file work19.cif (mmCIF, C-alpha atoms and all ligand atoms)
data_data
loop_
_atom_site.label_atom_id
_atom_site.label_comp_id
_atom_site.auth_asym_id
_atom_site.auth_seq_id
_atom_site.Cartn_x
_atom_site.Cartn_y
_atom_site.Cartn_z
CA MET N 22 -0.72 2.59 37.80
CA GLN N 23 2.57 3.55 36.27
CA TRP N 24 3.54 7.21 36.08
CA HIS N 25 5.88 8.38 33.41
CA SER N 26 8.39 10.95 34.53
CA CYS N 27 8.32 14.37 32.88
CA THR N 28 11.43 15.26 30.95
CA SER N 29 11.65 17.14 27.69
CA GLN N 30 11.84 13.81 25.86
CA THR N 31 9.05 11.96 27.59
CA ARG N 32 5.33 12.36 27.60
CA SER N 33 4.11 14.43 30.48
CA TYR N 34 0.96 12.66 31.56
CA ALA N 35 -0.06 9.48 33.27
CA THR N 36 -0.90 6.22 31.55
CA SER N 37 -2.03 3.01 33.11
CA THR N 38 -0.59 0.64 30.51
CA PRO N 39 3.16 0.72 29.94
CA ALA N 40 4.45 1.23 26.41
CA ARG N 41 5.80 -1.81 24.55
CA ILE N 42 7.99 -2.59 21.56
CA PHE N 43 7.32 -5.53 19.21
CA LEU N 44 9.48 -6.86 16.39
CA SER N 45 7.94 -9.26 13.90
CA HIS N 46 10.03 -12.08 12.44
CA SER N 47 7.46 -12.76 9.75
CA THR N 48 8.19 -11.32 6.32
CA ASN N 49 4.71 -12.14 5.05
CA PRO N 50 2.80 -8.91 4.39
CA TYR N 51 -0.59 -10.46 5.15
CA TRP N 52 0.47 -11.75 8.57
CA ASN N 53 2.24 -8.52 9.42
CA LEU N 54 -0.66 -6.28 8.42
CA ALA N 55 -3.16 -8.56 10.20
CA TYR N 56 -1.02 -8.49 13.34
CA GLU N 57 -0.76 -4.71 13.09
CA ASP N 58 -4.55 -4.48 12.93
CA TRP N 59 -4.84 -6.79 15.94
CA LEU N 60 -2.51 -4.58 17.99
CA PHE N 61 -4.57 -1.59 16.90
CA ARG N 62 -7.91 -3.05 17.89
CA LYS N 63 -7.14 -5.39 20.76
CA THR N 64 -4.59 -3.62 22.94
CA PRO N 65 -5.70 -1.12 25.59
CA ALA N 66 -6.76 2.21 24.05
CA ASP N 67 -4.35 4.15 26.27
CA GLN N 68 -1.31 2.05 25.39
CA HIS N 69 1.59 3.33 23.30
CA ILE N 70 3.17 0.61 21.15
CA LEU N 71 5.92 0.43 18.55
CA LEU N 72 5.84 -2.41 16.01
CA LEU N 73 8.63 -3.02 13.51
CA TYR N 74 8.43 -5.41 10.54
CA ARG N 75 9.53 -5.92 6.97
CA ASN N 76 7.95 -7.76 4.10
CA ALA N 77 9.12 -9.91 1.22
CA PRO N 78 8.62 -8.08 -2.12
CA CYS N 79 5.07 -6.78 -2.49
CA ILE N 80 3.11 -3.71 -3.51
CA VAL N 81 0.99 -2.17 -0.77
CA ILE N 82 -1.87 0.07 -1.87
CA GLY N 83 -3.97 2.32 0.34
CA ARG N 84 -7.46 1.38 1.43
CA ASN N 85 -9.16 3.65 -1.13
CA GLN N 86 -6.96 3.17 -4.15
CA ASN N 87 -7.42 1.88 -7.64
CA PRO N 88 -4.77 -0.72 -8.57
CA TRP N 89 -5.38 -0.17 -12.32
CA ASN N 90 -4.36 3.45 -11.90
CA GLU N 91 -1.36 2.87 -9.65
CA ILE N 92 0.49 -0.22 -10.70
CA ASN N 93 2.09 -1.80 -13.72
CA LEU N 94 -0.06 -4.90 -13.25
CA SER N 95 1.44 -6.93 -16.07
CA ARG N 96 4.92 -6.50 -14.58
CA LEU N 97 3.54 -7.35 -11.14
CA ARG N 98 2.14 -10.60 -12.55
CA GLN N 99 5.35 -11.35 -14.45
CA LEU N 100 7.44 -10.95 -11.29
CA ARG N 101 4.81 -12.85 -9.24
CA ILE N 102 4.77 -10.07 -6.68
CA PRO N 103 1.64 -9.92 -4.53
CA LEU N 104 -0.64 -6.92 -4.39
CA VAL N 105 -1.69 -6.10 -0.85
CA ARG N 106 -4.38 -3.62 0.18
CA ARG N 107 -3.76 -2.18 3.62
CA ARG N 108 -6.36 -0.78 6.03
CA SER N 109 -4.95 2.73 6.25
CA GLY N 110 -5.41 5.41 3.60
CA GLY N 111 -2.75 7.08 1.47
CA GLY N 112 -0.72 6.01 -1.53
CA THR N 113 0.99 3.01 -3.06
CA VAL N 114 4.41 1.81 -1.94
CA TYR N 115 6.83 -0.97 -2.81
CA HIS N 116 8.19 -3.22 -0.05
CA ASP N 117 11.03 -5.71 0.02
CA LEU N 118 13.49 -6.89 2.66
CA GLY N 119 15.51 -3.71 2.17
CA ASN N 120 12.55 -1.67 3.42
CA THR N 121 11.64 -1.73 7.11
CA ASN N 122 8.27 -0.54 8.39
CA TYR N 123 7.42 1.00 11.72
CA CYS N 124 4.01 1.46 13.28
CA LEU N 125 3.34 3.70 16.27
CA PHE N 126 0.06 3.06 18.10
CA MET N 127 -1.31 5.57 20.57
CA PRO N 128 -4.49 6.90 22.13
CA ARG N 129 -6.26 9.22 19.73
CA ALA N 130 -5.88 12.09 22.21
CA SER N 131 -2.09 12.04 21.77
CA PHE N 132 -2.15 11.52 17.99
CA ASP N 133 -0.04 13.94 16.01
CA ARG N 134 0.81 13.53 12.33
CA ARG N 135 4.34 14.82 12.72
CA GLN N 136 5.57 13.43 16.01
CA GLY N 137 6.09 9.82 14.92
CA ALA N 138 8.06 10.76 11.83
CA GLU N 139 10.15 13.17 13.93
CA LEU N 140 10.98 10.36 16.36
CA VAL N 141 12.12 8.06 13.56
CA SER N 142 14.04 10.84 11.84
CA SER N 143 15.88 11.71 15.05
CA ALA N 144 16.81 8.02 15.49
CA LEU N 145 18.37 8.22 12.01
CA ASN N 146 20.19 11.44 12.83
CA ALA N 147 21.85 9.48 15.65
CA LEU N 148 23.13 7.11 12.91
CA ASP N 149 24.61 10.13 11.07
CA VAL N 150 21.92 10.18 8.40
CA PRO N 151 20.76 13.78 7.79
CA THR N 152 17.03 13.12 7.52
CA ARG N 153 14.20 15.53 8.25
CA VAL N 154 10.43 15.50 8.11
CA ASN N 155 8.83 17.48 5.30
CA GLU N 156 5.43 19.19 5.18
CA ARG N 157 3.77 15.96 3.91
CA HIS N 158 5.17 14.06 6.92
CA ASP N 159 7.46 12.11 4.61
CA ILE N 160 10.97 11.57 5.93
CA VAL N 161 13.41 12.96 3.39
CA CYS N 162 17.17 13.08 3.02
CA GLU N 163 18.52 15.96 0.94
CA SER N 164 15.04 16.29 -0.56
CA PHE N 165 14.81 12.59 -1.60
CA LYS N 166 11.99 10.63 -0.02
CA VAL N 167 13.18 7.74 2.12
CA SER N 168 9.95 7.06 4.03
CA GLY N 169 6.22 7.46 3.41
CA SER N 170 3.52 7.63 6.08
CA ALA N 171 -0.12 6.66 6.47
CA PHE N 172 -2.50 6.96 9.39
CA LYS N 173 -5.58 5.35 10.86
CA LEU N 174 -7.89 6.66 13.57
CA ILE N 175 -10.85 4.74 14.98
CA ASN N 176 -12.69 5.72 18.15
CA ALA N 177 -10.16 6.29 20.92
CA ARG N 178 -7.20 4.76 19.10
CA ALA N 179 -4.78 5.85 16.37
CA TYR N 180 -1.71 4.67 14.53
CA HIS N 181 0.91 6.17 12.30
CA HIS N 182 2.83 3.72 10.15
CA GLY N 183 5.63 4.32 7.73
CA THR N 184 8.16 2.70 5.44
CA MET N 185 11.93 3.16 5.50
CA LEU N 186 14.00 2.57 2.40
CA LEU N 187 17.27 1.21 3.75
CA ARG N 188 18.57 -0.82 0.80
CA SER N 189 15.53 -1.60 -1.36
CA ASP N 190 15.55 -2.56 -5.01
CA LEU N 191 14.64 0.85 -6.43
CA THR N 192 14.58 -0.46 -10.00
CA SER N 193 11.73 -2.79 -9.07
CA LEU N 194 10.05 0.01 -7.11
CA ARG N 195 10.08 2.36 -10.10
CA GLY N 196 9.13 -0.31 -12.60
CA LEU N 197 6.11 -1.50 -10.65
CA LEU N 198 4.60 1.88 -9.85
CA LYS N 199 3.32 3.69 -12.87
CA ALA N 200 1.94 6.98 -13.98
CA GLU N 201 -1.79 7.45 -13.83
CA ARG N 202 -3.89 6.53 -16.86
CA PRO N 203 -5.48 9.83 -17.93
CA SER N 204 -8.53 8.11 -19.40
CA LEU N 205 -9.28 6.32 -16.12
CA LYS N 206 -11.51 8.43 -13.86
CA THR N 207 -11.69 7.10 -10.35
CA LYS N 208 -13.19 8.23 -7.07
CA GLY N 209 -10.25 6.87 -5.07
CA VAL N 210 -7.08 8.43 -3.70
CA GLY N 211 -4.10 8.89 -6.05
CA SER N 212 -0.52 8.41 -4.93
CA VAL N 213 1.91 11.32 -4.81
CA SER N 214 4.97 10.20 -6.69
CA SER N 215 8.38 11.32 -5.35
CA SER N 216 12.07 10.83 -6.07
CA VAL N 217 13.18 8.10 -3.70
CA ARG N 218 16.58 7.00 -2.42
CA ASN N 219 17.91 4.37 -0.02
CA LEU N 220 19.46 5.43 3.29
CA SER N 221 22.43 3.21 2.44
CA GLU N 222 23.55 6.06 0.15
CA TRP N 223 24.26 8.13 3.26
CA ASN N 224 25.28 5.36 5.64
CA ALA N 225 26.77 2.32 3.91
CA GLU N 226 26.47 0.23 7.10
CA ILE N 227 22.76 0.75 7.71
CA GLY N 228 20.46 -2.27 7.63
CA HIS N 229 17.32 -3.75 9.17
CA GLU N 230 18.96 -4.61 12.53
CA SER N 231 20.64 -1.24 13.05
CA PHE N 232 17.49 0.65 12.05
CA VAL N 233 15.33 -1.45 14.39
CA ARG N 234 17.77 -0.92 17.23
CA ALA N 235 18.04 2.85 16.68
CA VAL N 236 14.26 3.38 16.51
CA ALA N 237 13.58 1.08 19.47
CA GLU N 238 16.17 2.90 21.59
CA ARG N 239 14.78 6.29 20.67
CA TYR N 240 11.22 5.09 21.38
CA ALA N 241 12.12 3.57 24.76
CA LYS N 242 13.72 6.88 25.74
CA ALA N 243 10.71 8.91 24.61
CA GLU N 244 8.32 6.58 26.43
CA ASP N 245 10.57 6.35 29.48
CA ILE N 246 10.63 2.55 29.46
CA GLU N 247 13.41 -0.04 29.63
CA LEU N 248 14.57 -1.12 26.18
CA ALA N 249 12.87 -4.51 25.82
CA ILE N 250 11.81 -5.86 22.44
CA THR N 251 9.17 -8.59 22.26
CA GLU N 252 9.88 -10.78 19.23
CA ILE N 253 6.87 -12.19 17.41
CA THR N 254 6.77 -15.15 15.03
CA GLU N 255 4.10 -16.27 12.56
CA GLN N 256 3.23 -19.05 15.04
CA ASP N 257 2.44 -16.42 17.68
CA MET N 258 0.27 -14.59 15.15
CA MET N 259 -1.56 -17.76 14.06
CA ALA N 260 -2.47 -18.47 17.67
CA GLU N 261 -4.76 -15.43 17.65
CA GLU N 262 -8.00 -16.18 15.84
CA PHE N 263 -8.53 -12.48 15.09
CA VAL N 264 -5.17 -12.33 13.31
CA SER N 265 -5.83 -15.47 11.23
CA ASP N 266 -9.30 -14.24 10.22
CA ASN N 267 -7.94 -10.80 9.44
CA ARG N 268 -5.19 -12.29 7.29
CA ALA N 269 -7.75 -14.36 5.38
CA GLU N 270 -9.74 -11.21 4.68
CA LEU N 271 -6.63 -9.33 3.50
CA LEU N 272 -5.98 -12.19 1.05
CA SER N 273 -9.51 -12.25 -0.35
CA TRP N 274 -10.41 -10.99 -3.83
CA ALA N 275 -13.24 -9.01 -2.24
CA TRP N 276 -10.72 -6.99 -0.20
CA VAL N 277 -7.76 -6.69 -2.60
CA TRP N 278 -9.75 -5.91 -5.76
CA GLY N 279 -13.38 -5.58 -4.67
CA GLN N 280 -12.60 -2.55 -2.47
CA THR N 281 -11.58 -0.55 -5.56
CA PRO N 282 -13.58 2.66 -5.74
CA GLU N 283 -15.92 3.12 -8.70
CA PHE N 284 -14.20 4.08 -11.93
CA THR N 285 -14.70 4.58 -15.64
CA ILE N 286 -12.16 4.12 -18.39
CA ASP N 287 -12.35 5.47 -21.93
CA LEU N 288 -10.62 3.34 -24.55
CA SER N 289 -10.24 4.16 -28.25
CA HIS N 290 -8.47 2.51 -31.11
CA GLN N 291 -8.10 2.94 -34.84
CA PHE N 292 -8.14 -0.51 -36.48
CA ASP N 293 -7.45 -1.13 -40.19
CA PHE N 294 -11.15 -1.78 -40.57
CA GLY N 295 -12.55 1.19 -38.59
CA SER N 296 -12.40 3.03 -35.27
CA LEU N 297 -13.93 2.23 -31.92
CA SER N 298 -14.30 4.24 -28.67
CA ILE N 299 -15.84 2.66 -25.62
CA ARG N 300 -16.42 3.56 -21.98
CA ILE N 301 -16.30 0.81 -19.37
CA THR N 302 -17.69 1.42 -15.89
CA SER N 303 -16.63 -0.64 -12.89
CA LYS N 304 -17.95 -0.86 -9.33
CA HIS N 305 -16.32 -3.08 -6.70
CA ALA N 306 -13.97 -4.16 -9.52
CA LEU N 307 -16.85 -5.71 -11.47
CA ILE N 308 -17.78 -4.47 -14.94
CA THR N 309 -21.14 -2.72 -14.61
CA ALA N 310 -21.45 -1.00 -18.00
CA PHE N 311 -19.92 -1.24 -21.46
CA ASP N 312 -20.92 1.63 -23.75
CA VAL N 313 -19.86 2.21 -27.31
CA GLU N 314 -19.26 5.96 -27.55
CA GLN N 315 -18.19 6.18 -31.17
CA SER N 316 -17.55 3.74 -33.98
CA THR N 317 -16.96 3.50 -37.71
CA LEU N 318 -17.14 -0.30 -37.66
CA SER N 319 -19.57 -2.12 -39.89
CA SER N 320 -22.94 -2.64 -38.24
CA ALA N 321 -22.42 -6.43 -38.17
CA ILE N 322 -19.10 -6.07 -36.26
CA LEU N 323 -20.52 -3.36 -34.03
CA SER N 324 -23.39 -5.55 -32.93
CA GLN N 325 -20.91 -8.33 -32.08
CA VAL N 326 -18.86 -5.83 -30.04
CA GLU N 327 -22.02 -4.79 -28.22
CA ALA N 328 -22.88 -8.43 -27.52
CA LEU N 329 -19.35 -9.00 -26.23
CA GLY N 330 -19.72 -5.93 -23.98
CA GLN N 331 -23.04 -7.17 -22.61
CA ALA N 332 -21.46 -10.57 -21.88
CA MET N 333 -18.71 -8.82 -19.89
CA ILE N 334 -21.16 -7.14 -17.52
CA GLY N 335 -20.95 -8.71 -14.09
CA ASN N 336 -17.45 -10.11 -14.77
CA ARG N 337 -14.46 -9.05 -12.76
CA TYR N 338 -12.60 -6.18 -14.40
CA ASP N 339 -9.37 -8.16 -13.98
CA SER N 340 -10.75 -11.04 -16.02
CA ALA N 341 -10.39 -8.91 -19.17
CA SER N 342 -6.95 -10.39 -19.83
CA ASP N 343 -8.66 -13.80 -20.13
CA LEU N 344 -10.89 -12.52 -22.93
CA THR N 345 -8.61 -13.86 -25.64
CA LYS N 346 -8.59 -17.34 -24.09
CA GLU N 347 -12.32 -17.42 -23.63
CA SER N 348 -13.33 -15.79 -26.89
CA HIS N 349 -14.54 -18.15 -29.57
CA ALA N 350 -14.46 -15.37 -32.16
CA THR N 351 -14.27 -16.78 -35.65
CA ASN N 352 -14.09 -13.38 -37.27
CA ASP N 353 -10.63 -11.72 -37.65
CA GLN N 354 -11.95 -8.24 -36.90
CA ILE N 355 -13.58 -9.36 -33.64
CA ARG N 356 -10.42 -11.26 -32.75
CA SER N 357 -8.38 -8.04 -33.18
CA ILE N 358 -10.84 -6.11 -31.01
CA VAL N 359 -10.72 -8.77 -28.29
CA GLN N 360 -6.92 -8.79 -28.38
CA TRP N 361 -6.78 -5.01 -28.10
CA LEU N 362 -9.24 -4.98 -25.19
CA SER N 363 -7.31 -7.66 -23.30
CA LYS N 364 -4.19 -5.49 -23.55
CA VAL N 365 -5.61 -2.08 -22.70
CA MET N 366 -8.12 -2.80 -19.96
N1 LIG E 1 8.84 1.90 0.35
C1 LIG E 1 8.73 3.16 0.01
N2 LIG E 1 9.12 4.12 0.88
C2 LIG E 1 9.03 5.43 0.55
N3 LIG E 1 8.51 5.89 -0.59
C3 LIG E 1 8.11 4.98 -1.47
C4 LIG E 1 8.18 3.59 -1.23
N4 LIG E 1 7.67 2.94 -2.30
C5 LIG E 1 7.29 3.90 -3.18
N5 LIG E 1 7.56 5.13 -2.68
C6 LIG E 1 7.30 6.45 -3.29
O1 LIG E 1 6.18 7.02 -2.61
C7 LIG E 1 5.12 7.34 -3.56
C8 LIG E 1 3.75 7.22 -2.89
O2 LIG E 1 3.68 8.19 -1.88
P1 LIG E 1 2.33 8.54 -1.10
O3 LIG E 1 2.63 9.66 -0.19
O4 LIG E 1 1.21 8.69 -2.07
O5 LIG E 1 2.01 7.21 -0.26
C9 LIG E 1 2.79 6.74 0.77
O6 LIG E 1 3.93 7.12 0.97
C10 LIG E 1 2.10 5.69 1.61
C11 LIG E 1 2.95 5.14 2.74
C12 LIG E 1 2.30 3.90 3.36
C13 LIG E 1 3.13 3.37 4.48
C14 LIG E 1 2.61 2.07 5.05
C15 LIG E 1 3.46 1.60 6.18
C16 LIG E 1 3.33 0.14 6.42
S1 LIG E 1 2.42 -0.67 5.22
S2 LIG E 1 2.54 0.76 3.88
C17 LIG E 1 5.36 6.39 -4.69
O7 LIG E 1 4.79 6.85 -5.89
C18 LIG E 1 6.90 6.38 -4.76
O8 LIG E 1 7.36 7.55 -5.41
#
call {"tool": "encode", "arguments": {"input": "work19.cif", "output": "structure tokens", "more": "lines below"}}
Ligand SMILES: Nc1ncnc2c1ncn2[C@@H]1O[C@H](COP(=O)(O)OC(=O)CCCC[C@@H]2CCSS2)[C@@H](O)[C@H]1O
result
Amino acid sequence: MQWHSCTSQTRSYATSTPARIFLSHSTNPYWNLAYEDWLFRKTPADQHILLLYRNAPCIVIGRNQNPWNEINLSRLRQLRIPLVRRRSGGGTVYHDLGNTNYCLFMPRASFDRRQGAELVSSALNALDVPTRVNERHDIVCESFKVSGSAFKLINARAYHHGTMLLRSDLTSLRGLLKAERPSLKTKGVGSVSSSVRNLSEWNAEIGHESFVRAVAERYAKAEDIELAITEITEQDMMAEEFVSDNRAELLSWAWVWGQTPEFTIDLSHQFDFGSLSIRITSKHALITAFDVEQSTLSSAILSQVEALGQAMIGNRYDSASDLTKESHATNDQIRSIVQWLSKVM
């Protein structure tokens, strides 16, 4: 058994498994998140671990979020940026190679929502960046958010993971995250939008390597361990069946879209030939109801709209943009309605 010494900076109780630091060389969000989940579930419950990684451009939503309410999906498709749903709760964030993520794993008994962010913030203070932790456990610099946090607790284990905007493309970040759609009512968790900045505005030299080094040093000191970083490649990750299976699940439609909490959306439009208001209900990202709430369309057109709505039931909500391709509408009015729906859904 290893005993950690008691100083003001170290934990003051015994653990049997020494703390460790891992750095991933993969920039694939699915591998990194699958590996993170493996560390969470498969390492000893009493072990403290720090994992650092960064991802190629992607949007990462929280476990209980609605992508249609959080993201500019047409821009996401245009830029061919993947949408990733993580296993922890909380809001939607943008990642690219200018953003480095940390994850602190610990026994549930020593979990504290603030401590991890404080550790990272103090590592940044040592790099002359005047960060602090706010009441939401975000790390901020002169009131601008530079890091967001999310948490997961299962049985005897917990983790706190967070982003760090070092030199991210903030134009992409802002363009991909969008304001809520007021007519979309969802049971899920909404993001809390903030003004963000890169740390490079305070320290022009800062980058992935210096951030990793500063946090790892600070962590080793706090855990009273030698500074030793275990570097992990995608090959190492692939060798673990749990990680490969987990990655496959993270990539699946059922996880990315199908986990979307139930929602309804009200859509109205005034066409040259009459008005139409509908309510669409979706569960597990499938269309489960299509109700016409109000209409001044002719009864012939209305019954075609109702037939179209019935045909959509059971389809994926995200297949709405294919409506125009699939529709064999011969009537101009129906064609306009289909075009409108494919844009607004
Ligand atoms: N990369 C990044 N870092 C900090 N803040 C961001 C980022 N991207 C977007 N935002 C801002 O945060 C809000 C959402 O804040 P909100 O507080 O709702 O959500 C979060 O912060 C979640 C953090 C998840 C961290 C995980 C760690 C590893 S995998 S992802 C968004 O609307 C933007 O204004």
call {"tool": "residues_around", "arguments": {"input": "work19.cif", "residues": "stretch 184-193 of chain N", "least_positions_apart": "3", "cutoff": "6 Å", "atoms": "all atoms listed in the file", "output": "list in words"}}
result
Gly119, Asn120, Thr121, Asn122, Val167, Ser168, Gly169, Gly196, Leu197, Asn219, Leu220 and Ser221 of chain N
call {"tool": "residues_near_point", "arguments": {"input": "work19.cif", "point": "(-16.7, 0.4, -8.7)", "cutoff": "9 Å", "atoms": "all atoms listed in the file", "output": "ChimeraX atom specification"}}
result
/N:207-208,279-285,302-309
call {"tool": "closest_atom_pairs", "arguments": {"input": "work19.cif", "of": "chain N", "to": "ligand LIG 1 (chain E)", "cutoff": "8 Å", "atoms": "all atoms listed in the file", "output": "Markdown table"}}
result
| residue | atom | partner | partner_atom | distance |
| --- | --- | --- | --- | --- |
| N:Leu54 | CA | E:LIG1 | S1 | 7.2 |
| N:Val81 | CA | E:LIG1 | S2 | 5.7 |
| N:Ile82 | CA | E:LIG1 | S2 | 7.3 |
| N:Gly83 | CA | E:LIG1 | C10 | 7.1 |
| N:Arg107 | CA | E:LIG1 | S1 | 6.6 |
| N:Ser109 | CA | E:LIG1 | C14 | 7.7 |
| N:Gly110 | CA | E:LIG1 | C10 | 7.8 |
| N:Gly111 | CA | E:LIG1 | C10 | 5.0 |
| N:Gly112 | CA | E:LIG1 | O5 | 3.2 |
| N:Thr113 | CA | E:LIG1 | C8 | 5.0 |
| N:Val114 | CA | E:LIG1 | N4 | 3.5 |
| N:Tyr115 | CA | E:LIG1 | N4 | 4.0 |
| N:His116 | CA | E:LIG1 | N1 | 5.2 |
| N:Asp117 | CA | E:LIG1 | N1 | 7.9 |
| N:Asn120 | CA | E:LIG1 | N1 | 6.0 |
| N:Asn122 | CA | E:LIG1 | C16 | 5.4 |
| N:Tyr123 | CA | E:LIG1 | C16 | 6.7 |
| N:Cys124 | CA | E:LIG1 | C16 | 7.0 |
| N:Arg157 | CA | E:LIG1 | O3 | 7.6 |
| N:Asp159 | CA | E:LIG1 | O6 | 7.1 |
| N:Lys166 | CA | E:LIG1 | N3 | 5.9 |
| N:Val167 | CA | E:LIG1 | C2 | 5.0 |
| N:Ser168 | CA | E:LIG1 | C2 | 4.0 |
| N:Gly169 | CA | E:LIG1 | O6 | 3.4 |
| N:Ser170 | CA | E:LIG1 | C11 | 4.2 |
| N:Ala171 | CA | E:LIG1 | C12 | 4.8 |
| N:His182 | CA | E:LIG1 | C15 | 4.5 |
| N:Gly183 | CA | E:LIG1 | C15 | 3.8 |
| N:Thr184 | CA | E:LIG1 | N2 | 4.9 |
| N:Met185 | CA | E:LIG1 | N2 | 5.5 |
| N:Leu186 | CA | E:LIG1 | N2 | 5.3 |
| N:Ser189 | CA | E:LIG1 | N1 | 7.7 |
| N:Leu194 | CA | E:LIG1 | N4 | 6.1 |
| N:Arg195 | CA | E:LIG1 | C18 | 7.4 |
| N:Leu198 | CA | E:LIG1 | O7 | 6.4 |
| N:Lys199 | CA | E:LIG1 | O7 | 7.8 |
| N:Gly211 | CA | E:LIG1 | O4 | 6.6 |
| N:Ser212 | CA | E:LIG1 | O4 | 3.4 |
| N:Val213 | CA | E:LIG1 | O4 | 3.9 |
| N:Ser214 | CA | E:LIG1 | O7 | 3.4 |
| N:Ser215 | CA | E:LIG1 | O8 | 3.9 |
| N:Ser216 | CA | E:LIG1 | O8 | 5.8 |
| N:Val217 | CA | E:LIG1 | N3 | 6.0 |
call {"tool": "closest_residue", "arguments": {"input": "work19.cif", "among": "N:Val105, N:Arg239, N:Val313, N:His46", "to": "N:Ser296", "atoms": "only C-alpha atoms"}}
result
N:Val313
call {"tool": "residues_around", "arguments": {"input": "work19.cif", "residues": "N:His158", "least_positions_apart": "5", "cutoff": "7 Å", "atoms": "only C-alpha atoms", "output": "PyMOL selection string"}}
result
chain N and resi 134-135+138+170
call {"tool": "residues_around", "arguments": {"input": "work19.cif", "residues": "N:Thr64", "least_positions_apart": "6", "cutoff": "10 Å", "atoms": "all atoms listed in the file", "output": "list of chain:residue names"}}
result
N:Thr38, N:Ile70, N:Phe126, N:Arg178
call {"tool": "atom_distance", "arguments": {"input": "work19.cif", "atom1": "atom CA of N:Val326", "atom2": "atom CA of N:Met366"}}
result
15.0 Å
call {"tool": "atom_distance", "arguments": {"input": "work19.cif", "atom1": "atom CA of N:Phe172", "atom2": "atom CA of N:Asn85"}}
result
12.9 Å
call {"tool": "residues_near_point", "arguments": {"input": "work19.cif", "point": "(7.3, -10.8, -10.6)", "cutoff": "8 Å", "atoms": "all atoms listed in the file", "output": "list in words"}}
result
Arg96, Leu97, Arg98, Gln99, Leu100, Arg101 and Ile102 of chain N
call {"tool": "residues_around", "arguments": {"input": "work19.cif", "residues": "N:Thr317", "least_positions_apart": "4", "cutoff": "12 Å", "atoms": "only C-alpha atoms", "output": "tab-separated table (two decimals) with C-alpha atoms, keeping the file's coordinate frame"}}
result
chain	number	residue	atom	x	y	z
N	289	SER	CA	-10.24	4.16	-28.25
N	290	HIS	CA	-8.47	2.51	-31.11
N	291	GLN	CA	-8.10	2.94	-34.84
N	292	PHE	CA	-8.14	-0.51	-36.48
N	293	ASP	CA	-7.45	-1.13	-40.19
N	294	PHE	CA	-11.15	-1.78	-40.57
N	295	GLY	CA	-12.55	1.19	-38.59
N	296	SER	CA	-12.40	3.03	-35.27
N	297	LEU	CA	-13.93	2.23	-31.92
N	298	SER	CA	-14.30	4.24	-28.67
N	313	VAL	CA	-19.86	2.21	-27.31
N	321	ALA	CA	-22.42	-6.43	-38.17
N	322	ILE	CA	-19.10	-6.07	-36.26
N	323	LEU	CA	-20.52	-3.36	-34.03
call {"tool": "closest_residue", "arguments": {"input": "work19.cif", "among": "N:Glu222, N:Asp133, N:Asp149, N:Glu201", "to": "N:Phe165", "atoms": "all atoms listed in the file"}}
result
N:Glu222
call {"tool": "atom_distance", "arguments": {"input": "work19.cif", "atom1": "atom CA of N:Gln86", "atom2": "atom CA of N:Arg337"}}
result
16.7 Å
call {"tool": "closest_residue", "arguments": {"input": "work19.cif", "among": "N:Val359, N:Leu288, N:Ile299, N:Cys79", "to": "N:Pro50", "atoms": "only C-alpha atoms"}}
result
N:Cys79
call {"tool": "closest_residue", "arguments": {"input": "work19.cif", "among": "N:Glu226, N:Glu244, N:Asp58, N:Glu139", "to": "N:Ile42", "atoms": "only C-alpha atoms"}}
result
N:Glu244
call {"tool": "closest_residue", "arguments": {"input": "work19.cif", "among": "N:Val141, N:Leu362, N:Ile301, N:Leu125", "to": "N:Leu205", "atoms": "only C-alpha atoms"}}
result
N:Ile301
call {"tool": "residues_around", "arguments": {"input": "work19.cif", "residues": "N:Leu148", "least_positions_apart": "2", "cutoff": "9 Å", "atoms": "all atoms listed in the file", "output": "PyMOL selection string"}}
result
chain N and resi 143-146+150-151+224+227+231-232+235
call {"tool": "closest_residue", "arguments": {"input": "work19.cif", "among": "N:Arg84, N:Ile160, N:Asp312, N:Arg106", "to": "N:Ile334", "atoms": "all atoms listed in the file"}}
result
N:Asp312
call {"tool": "build_atoms", "arguments": {"input": "work19.cif", "residues": "stretch 333-340 of chain N", "atoms": "N, CA and C atoms", "output": "short mmCIF file (atom, residue, chain, number, x, y, z; two decimals), in the coordinates of the input"}}
result
data_model
loop_
_atom_site.label_atom_id
_atom_site.label_comp_id
_atom_site.auth_asym_id
_atom_site.auth_seq_id
_atom_site.Cartn_x
_atom_site.Cartn_y
_atom_site.Cartn_z
N MET N 333 -19.73 -9.15 -20.90
CA MET N 333 -18.71 -8.82 -19.89
C MET N 333 -19.33 -8.25 -18.62
N ILE N 334 -20.54 -7.77 -18.69
CA ILE N 334 -21.16 -7.14 -17.52
C ILE N 334 -21.34 -8.17 -16.41
N GLY N 335 -20.90 -7.78 -15.23
CA GLY N 335 -20.95 -8.71 -14.09
C GLY N 335 -19.63 -9.44 -13.89
N ASN N 336 -18.77 -9.46 -14.93
CA ASN N 336 -17.45 -10.11 -14.77
C ASN N 336 -16.52 -9.21 -13.97
N ARG N 337 -15.50 -9.84 -13.42
CA ARG N 337 -14.46 -9.05 -12.76
C ARG N 337 -13.69 -8.25 -13.80
N TYR N 338 -13.36 -7.01 -13.46
CA TYR N 338 -12.60 -6.18 -14.40
C TYR N 338 -11.26 -6.86 -14.73
N ASP N 339 -10.67 -7.53 -13.73
CA ASP N 339 -9.37 -8.16 -13.98
C ASP N 339 -9.46 -9.44 -14.79
N SER N 340 -10.66 -9.84 -15.17
CA SER N 340 -10.75 -11.04 -16.02
C SER N 340 -10.62 -10.66 -17.50
#
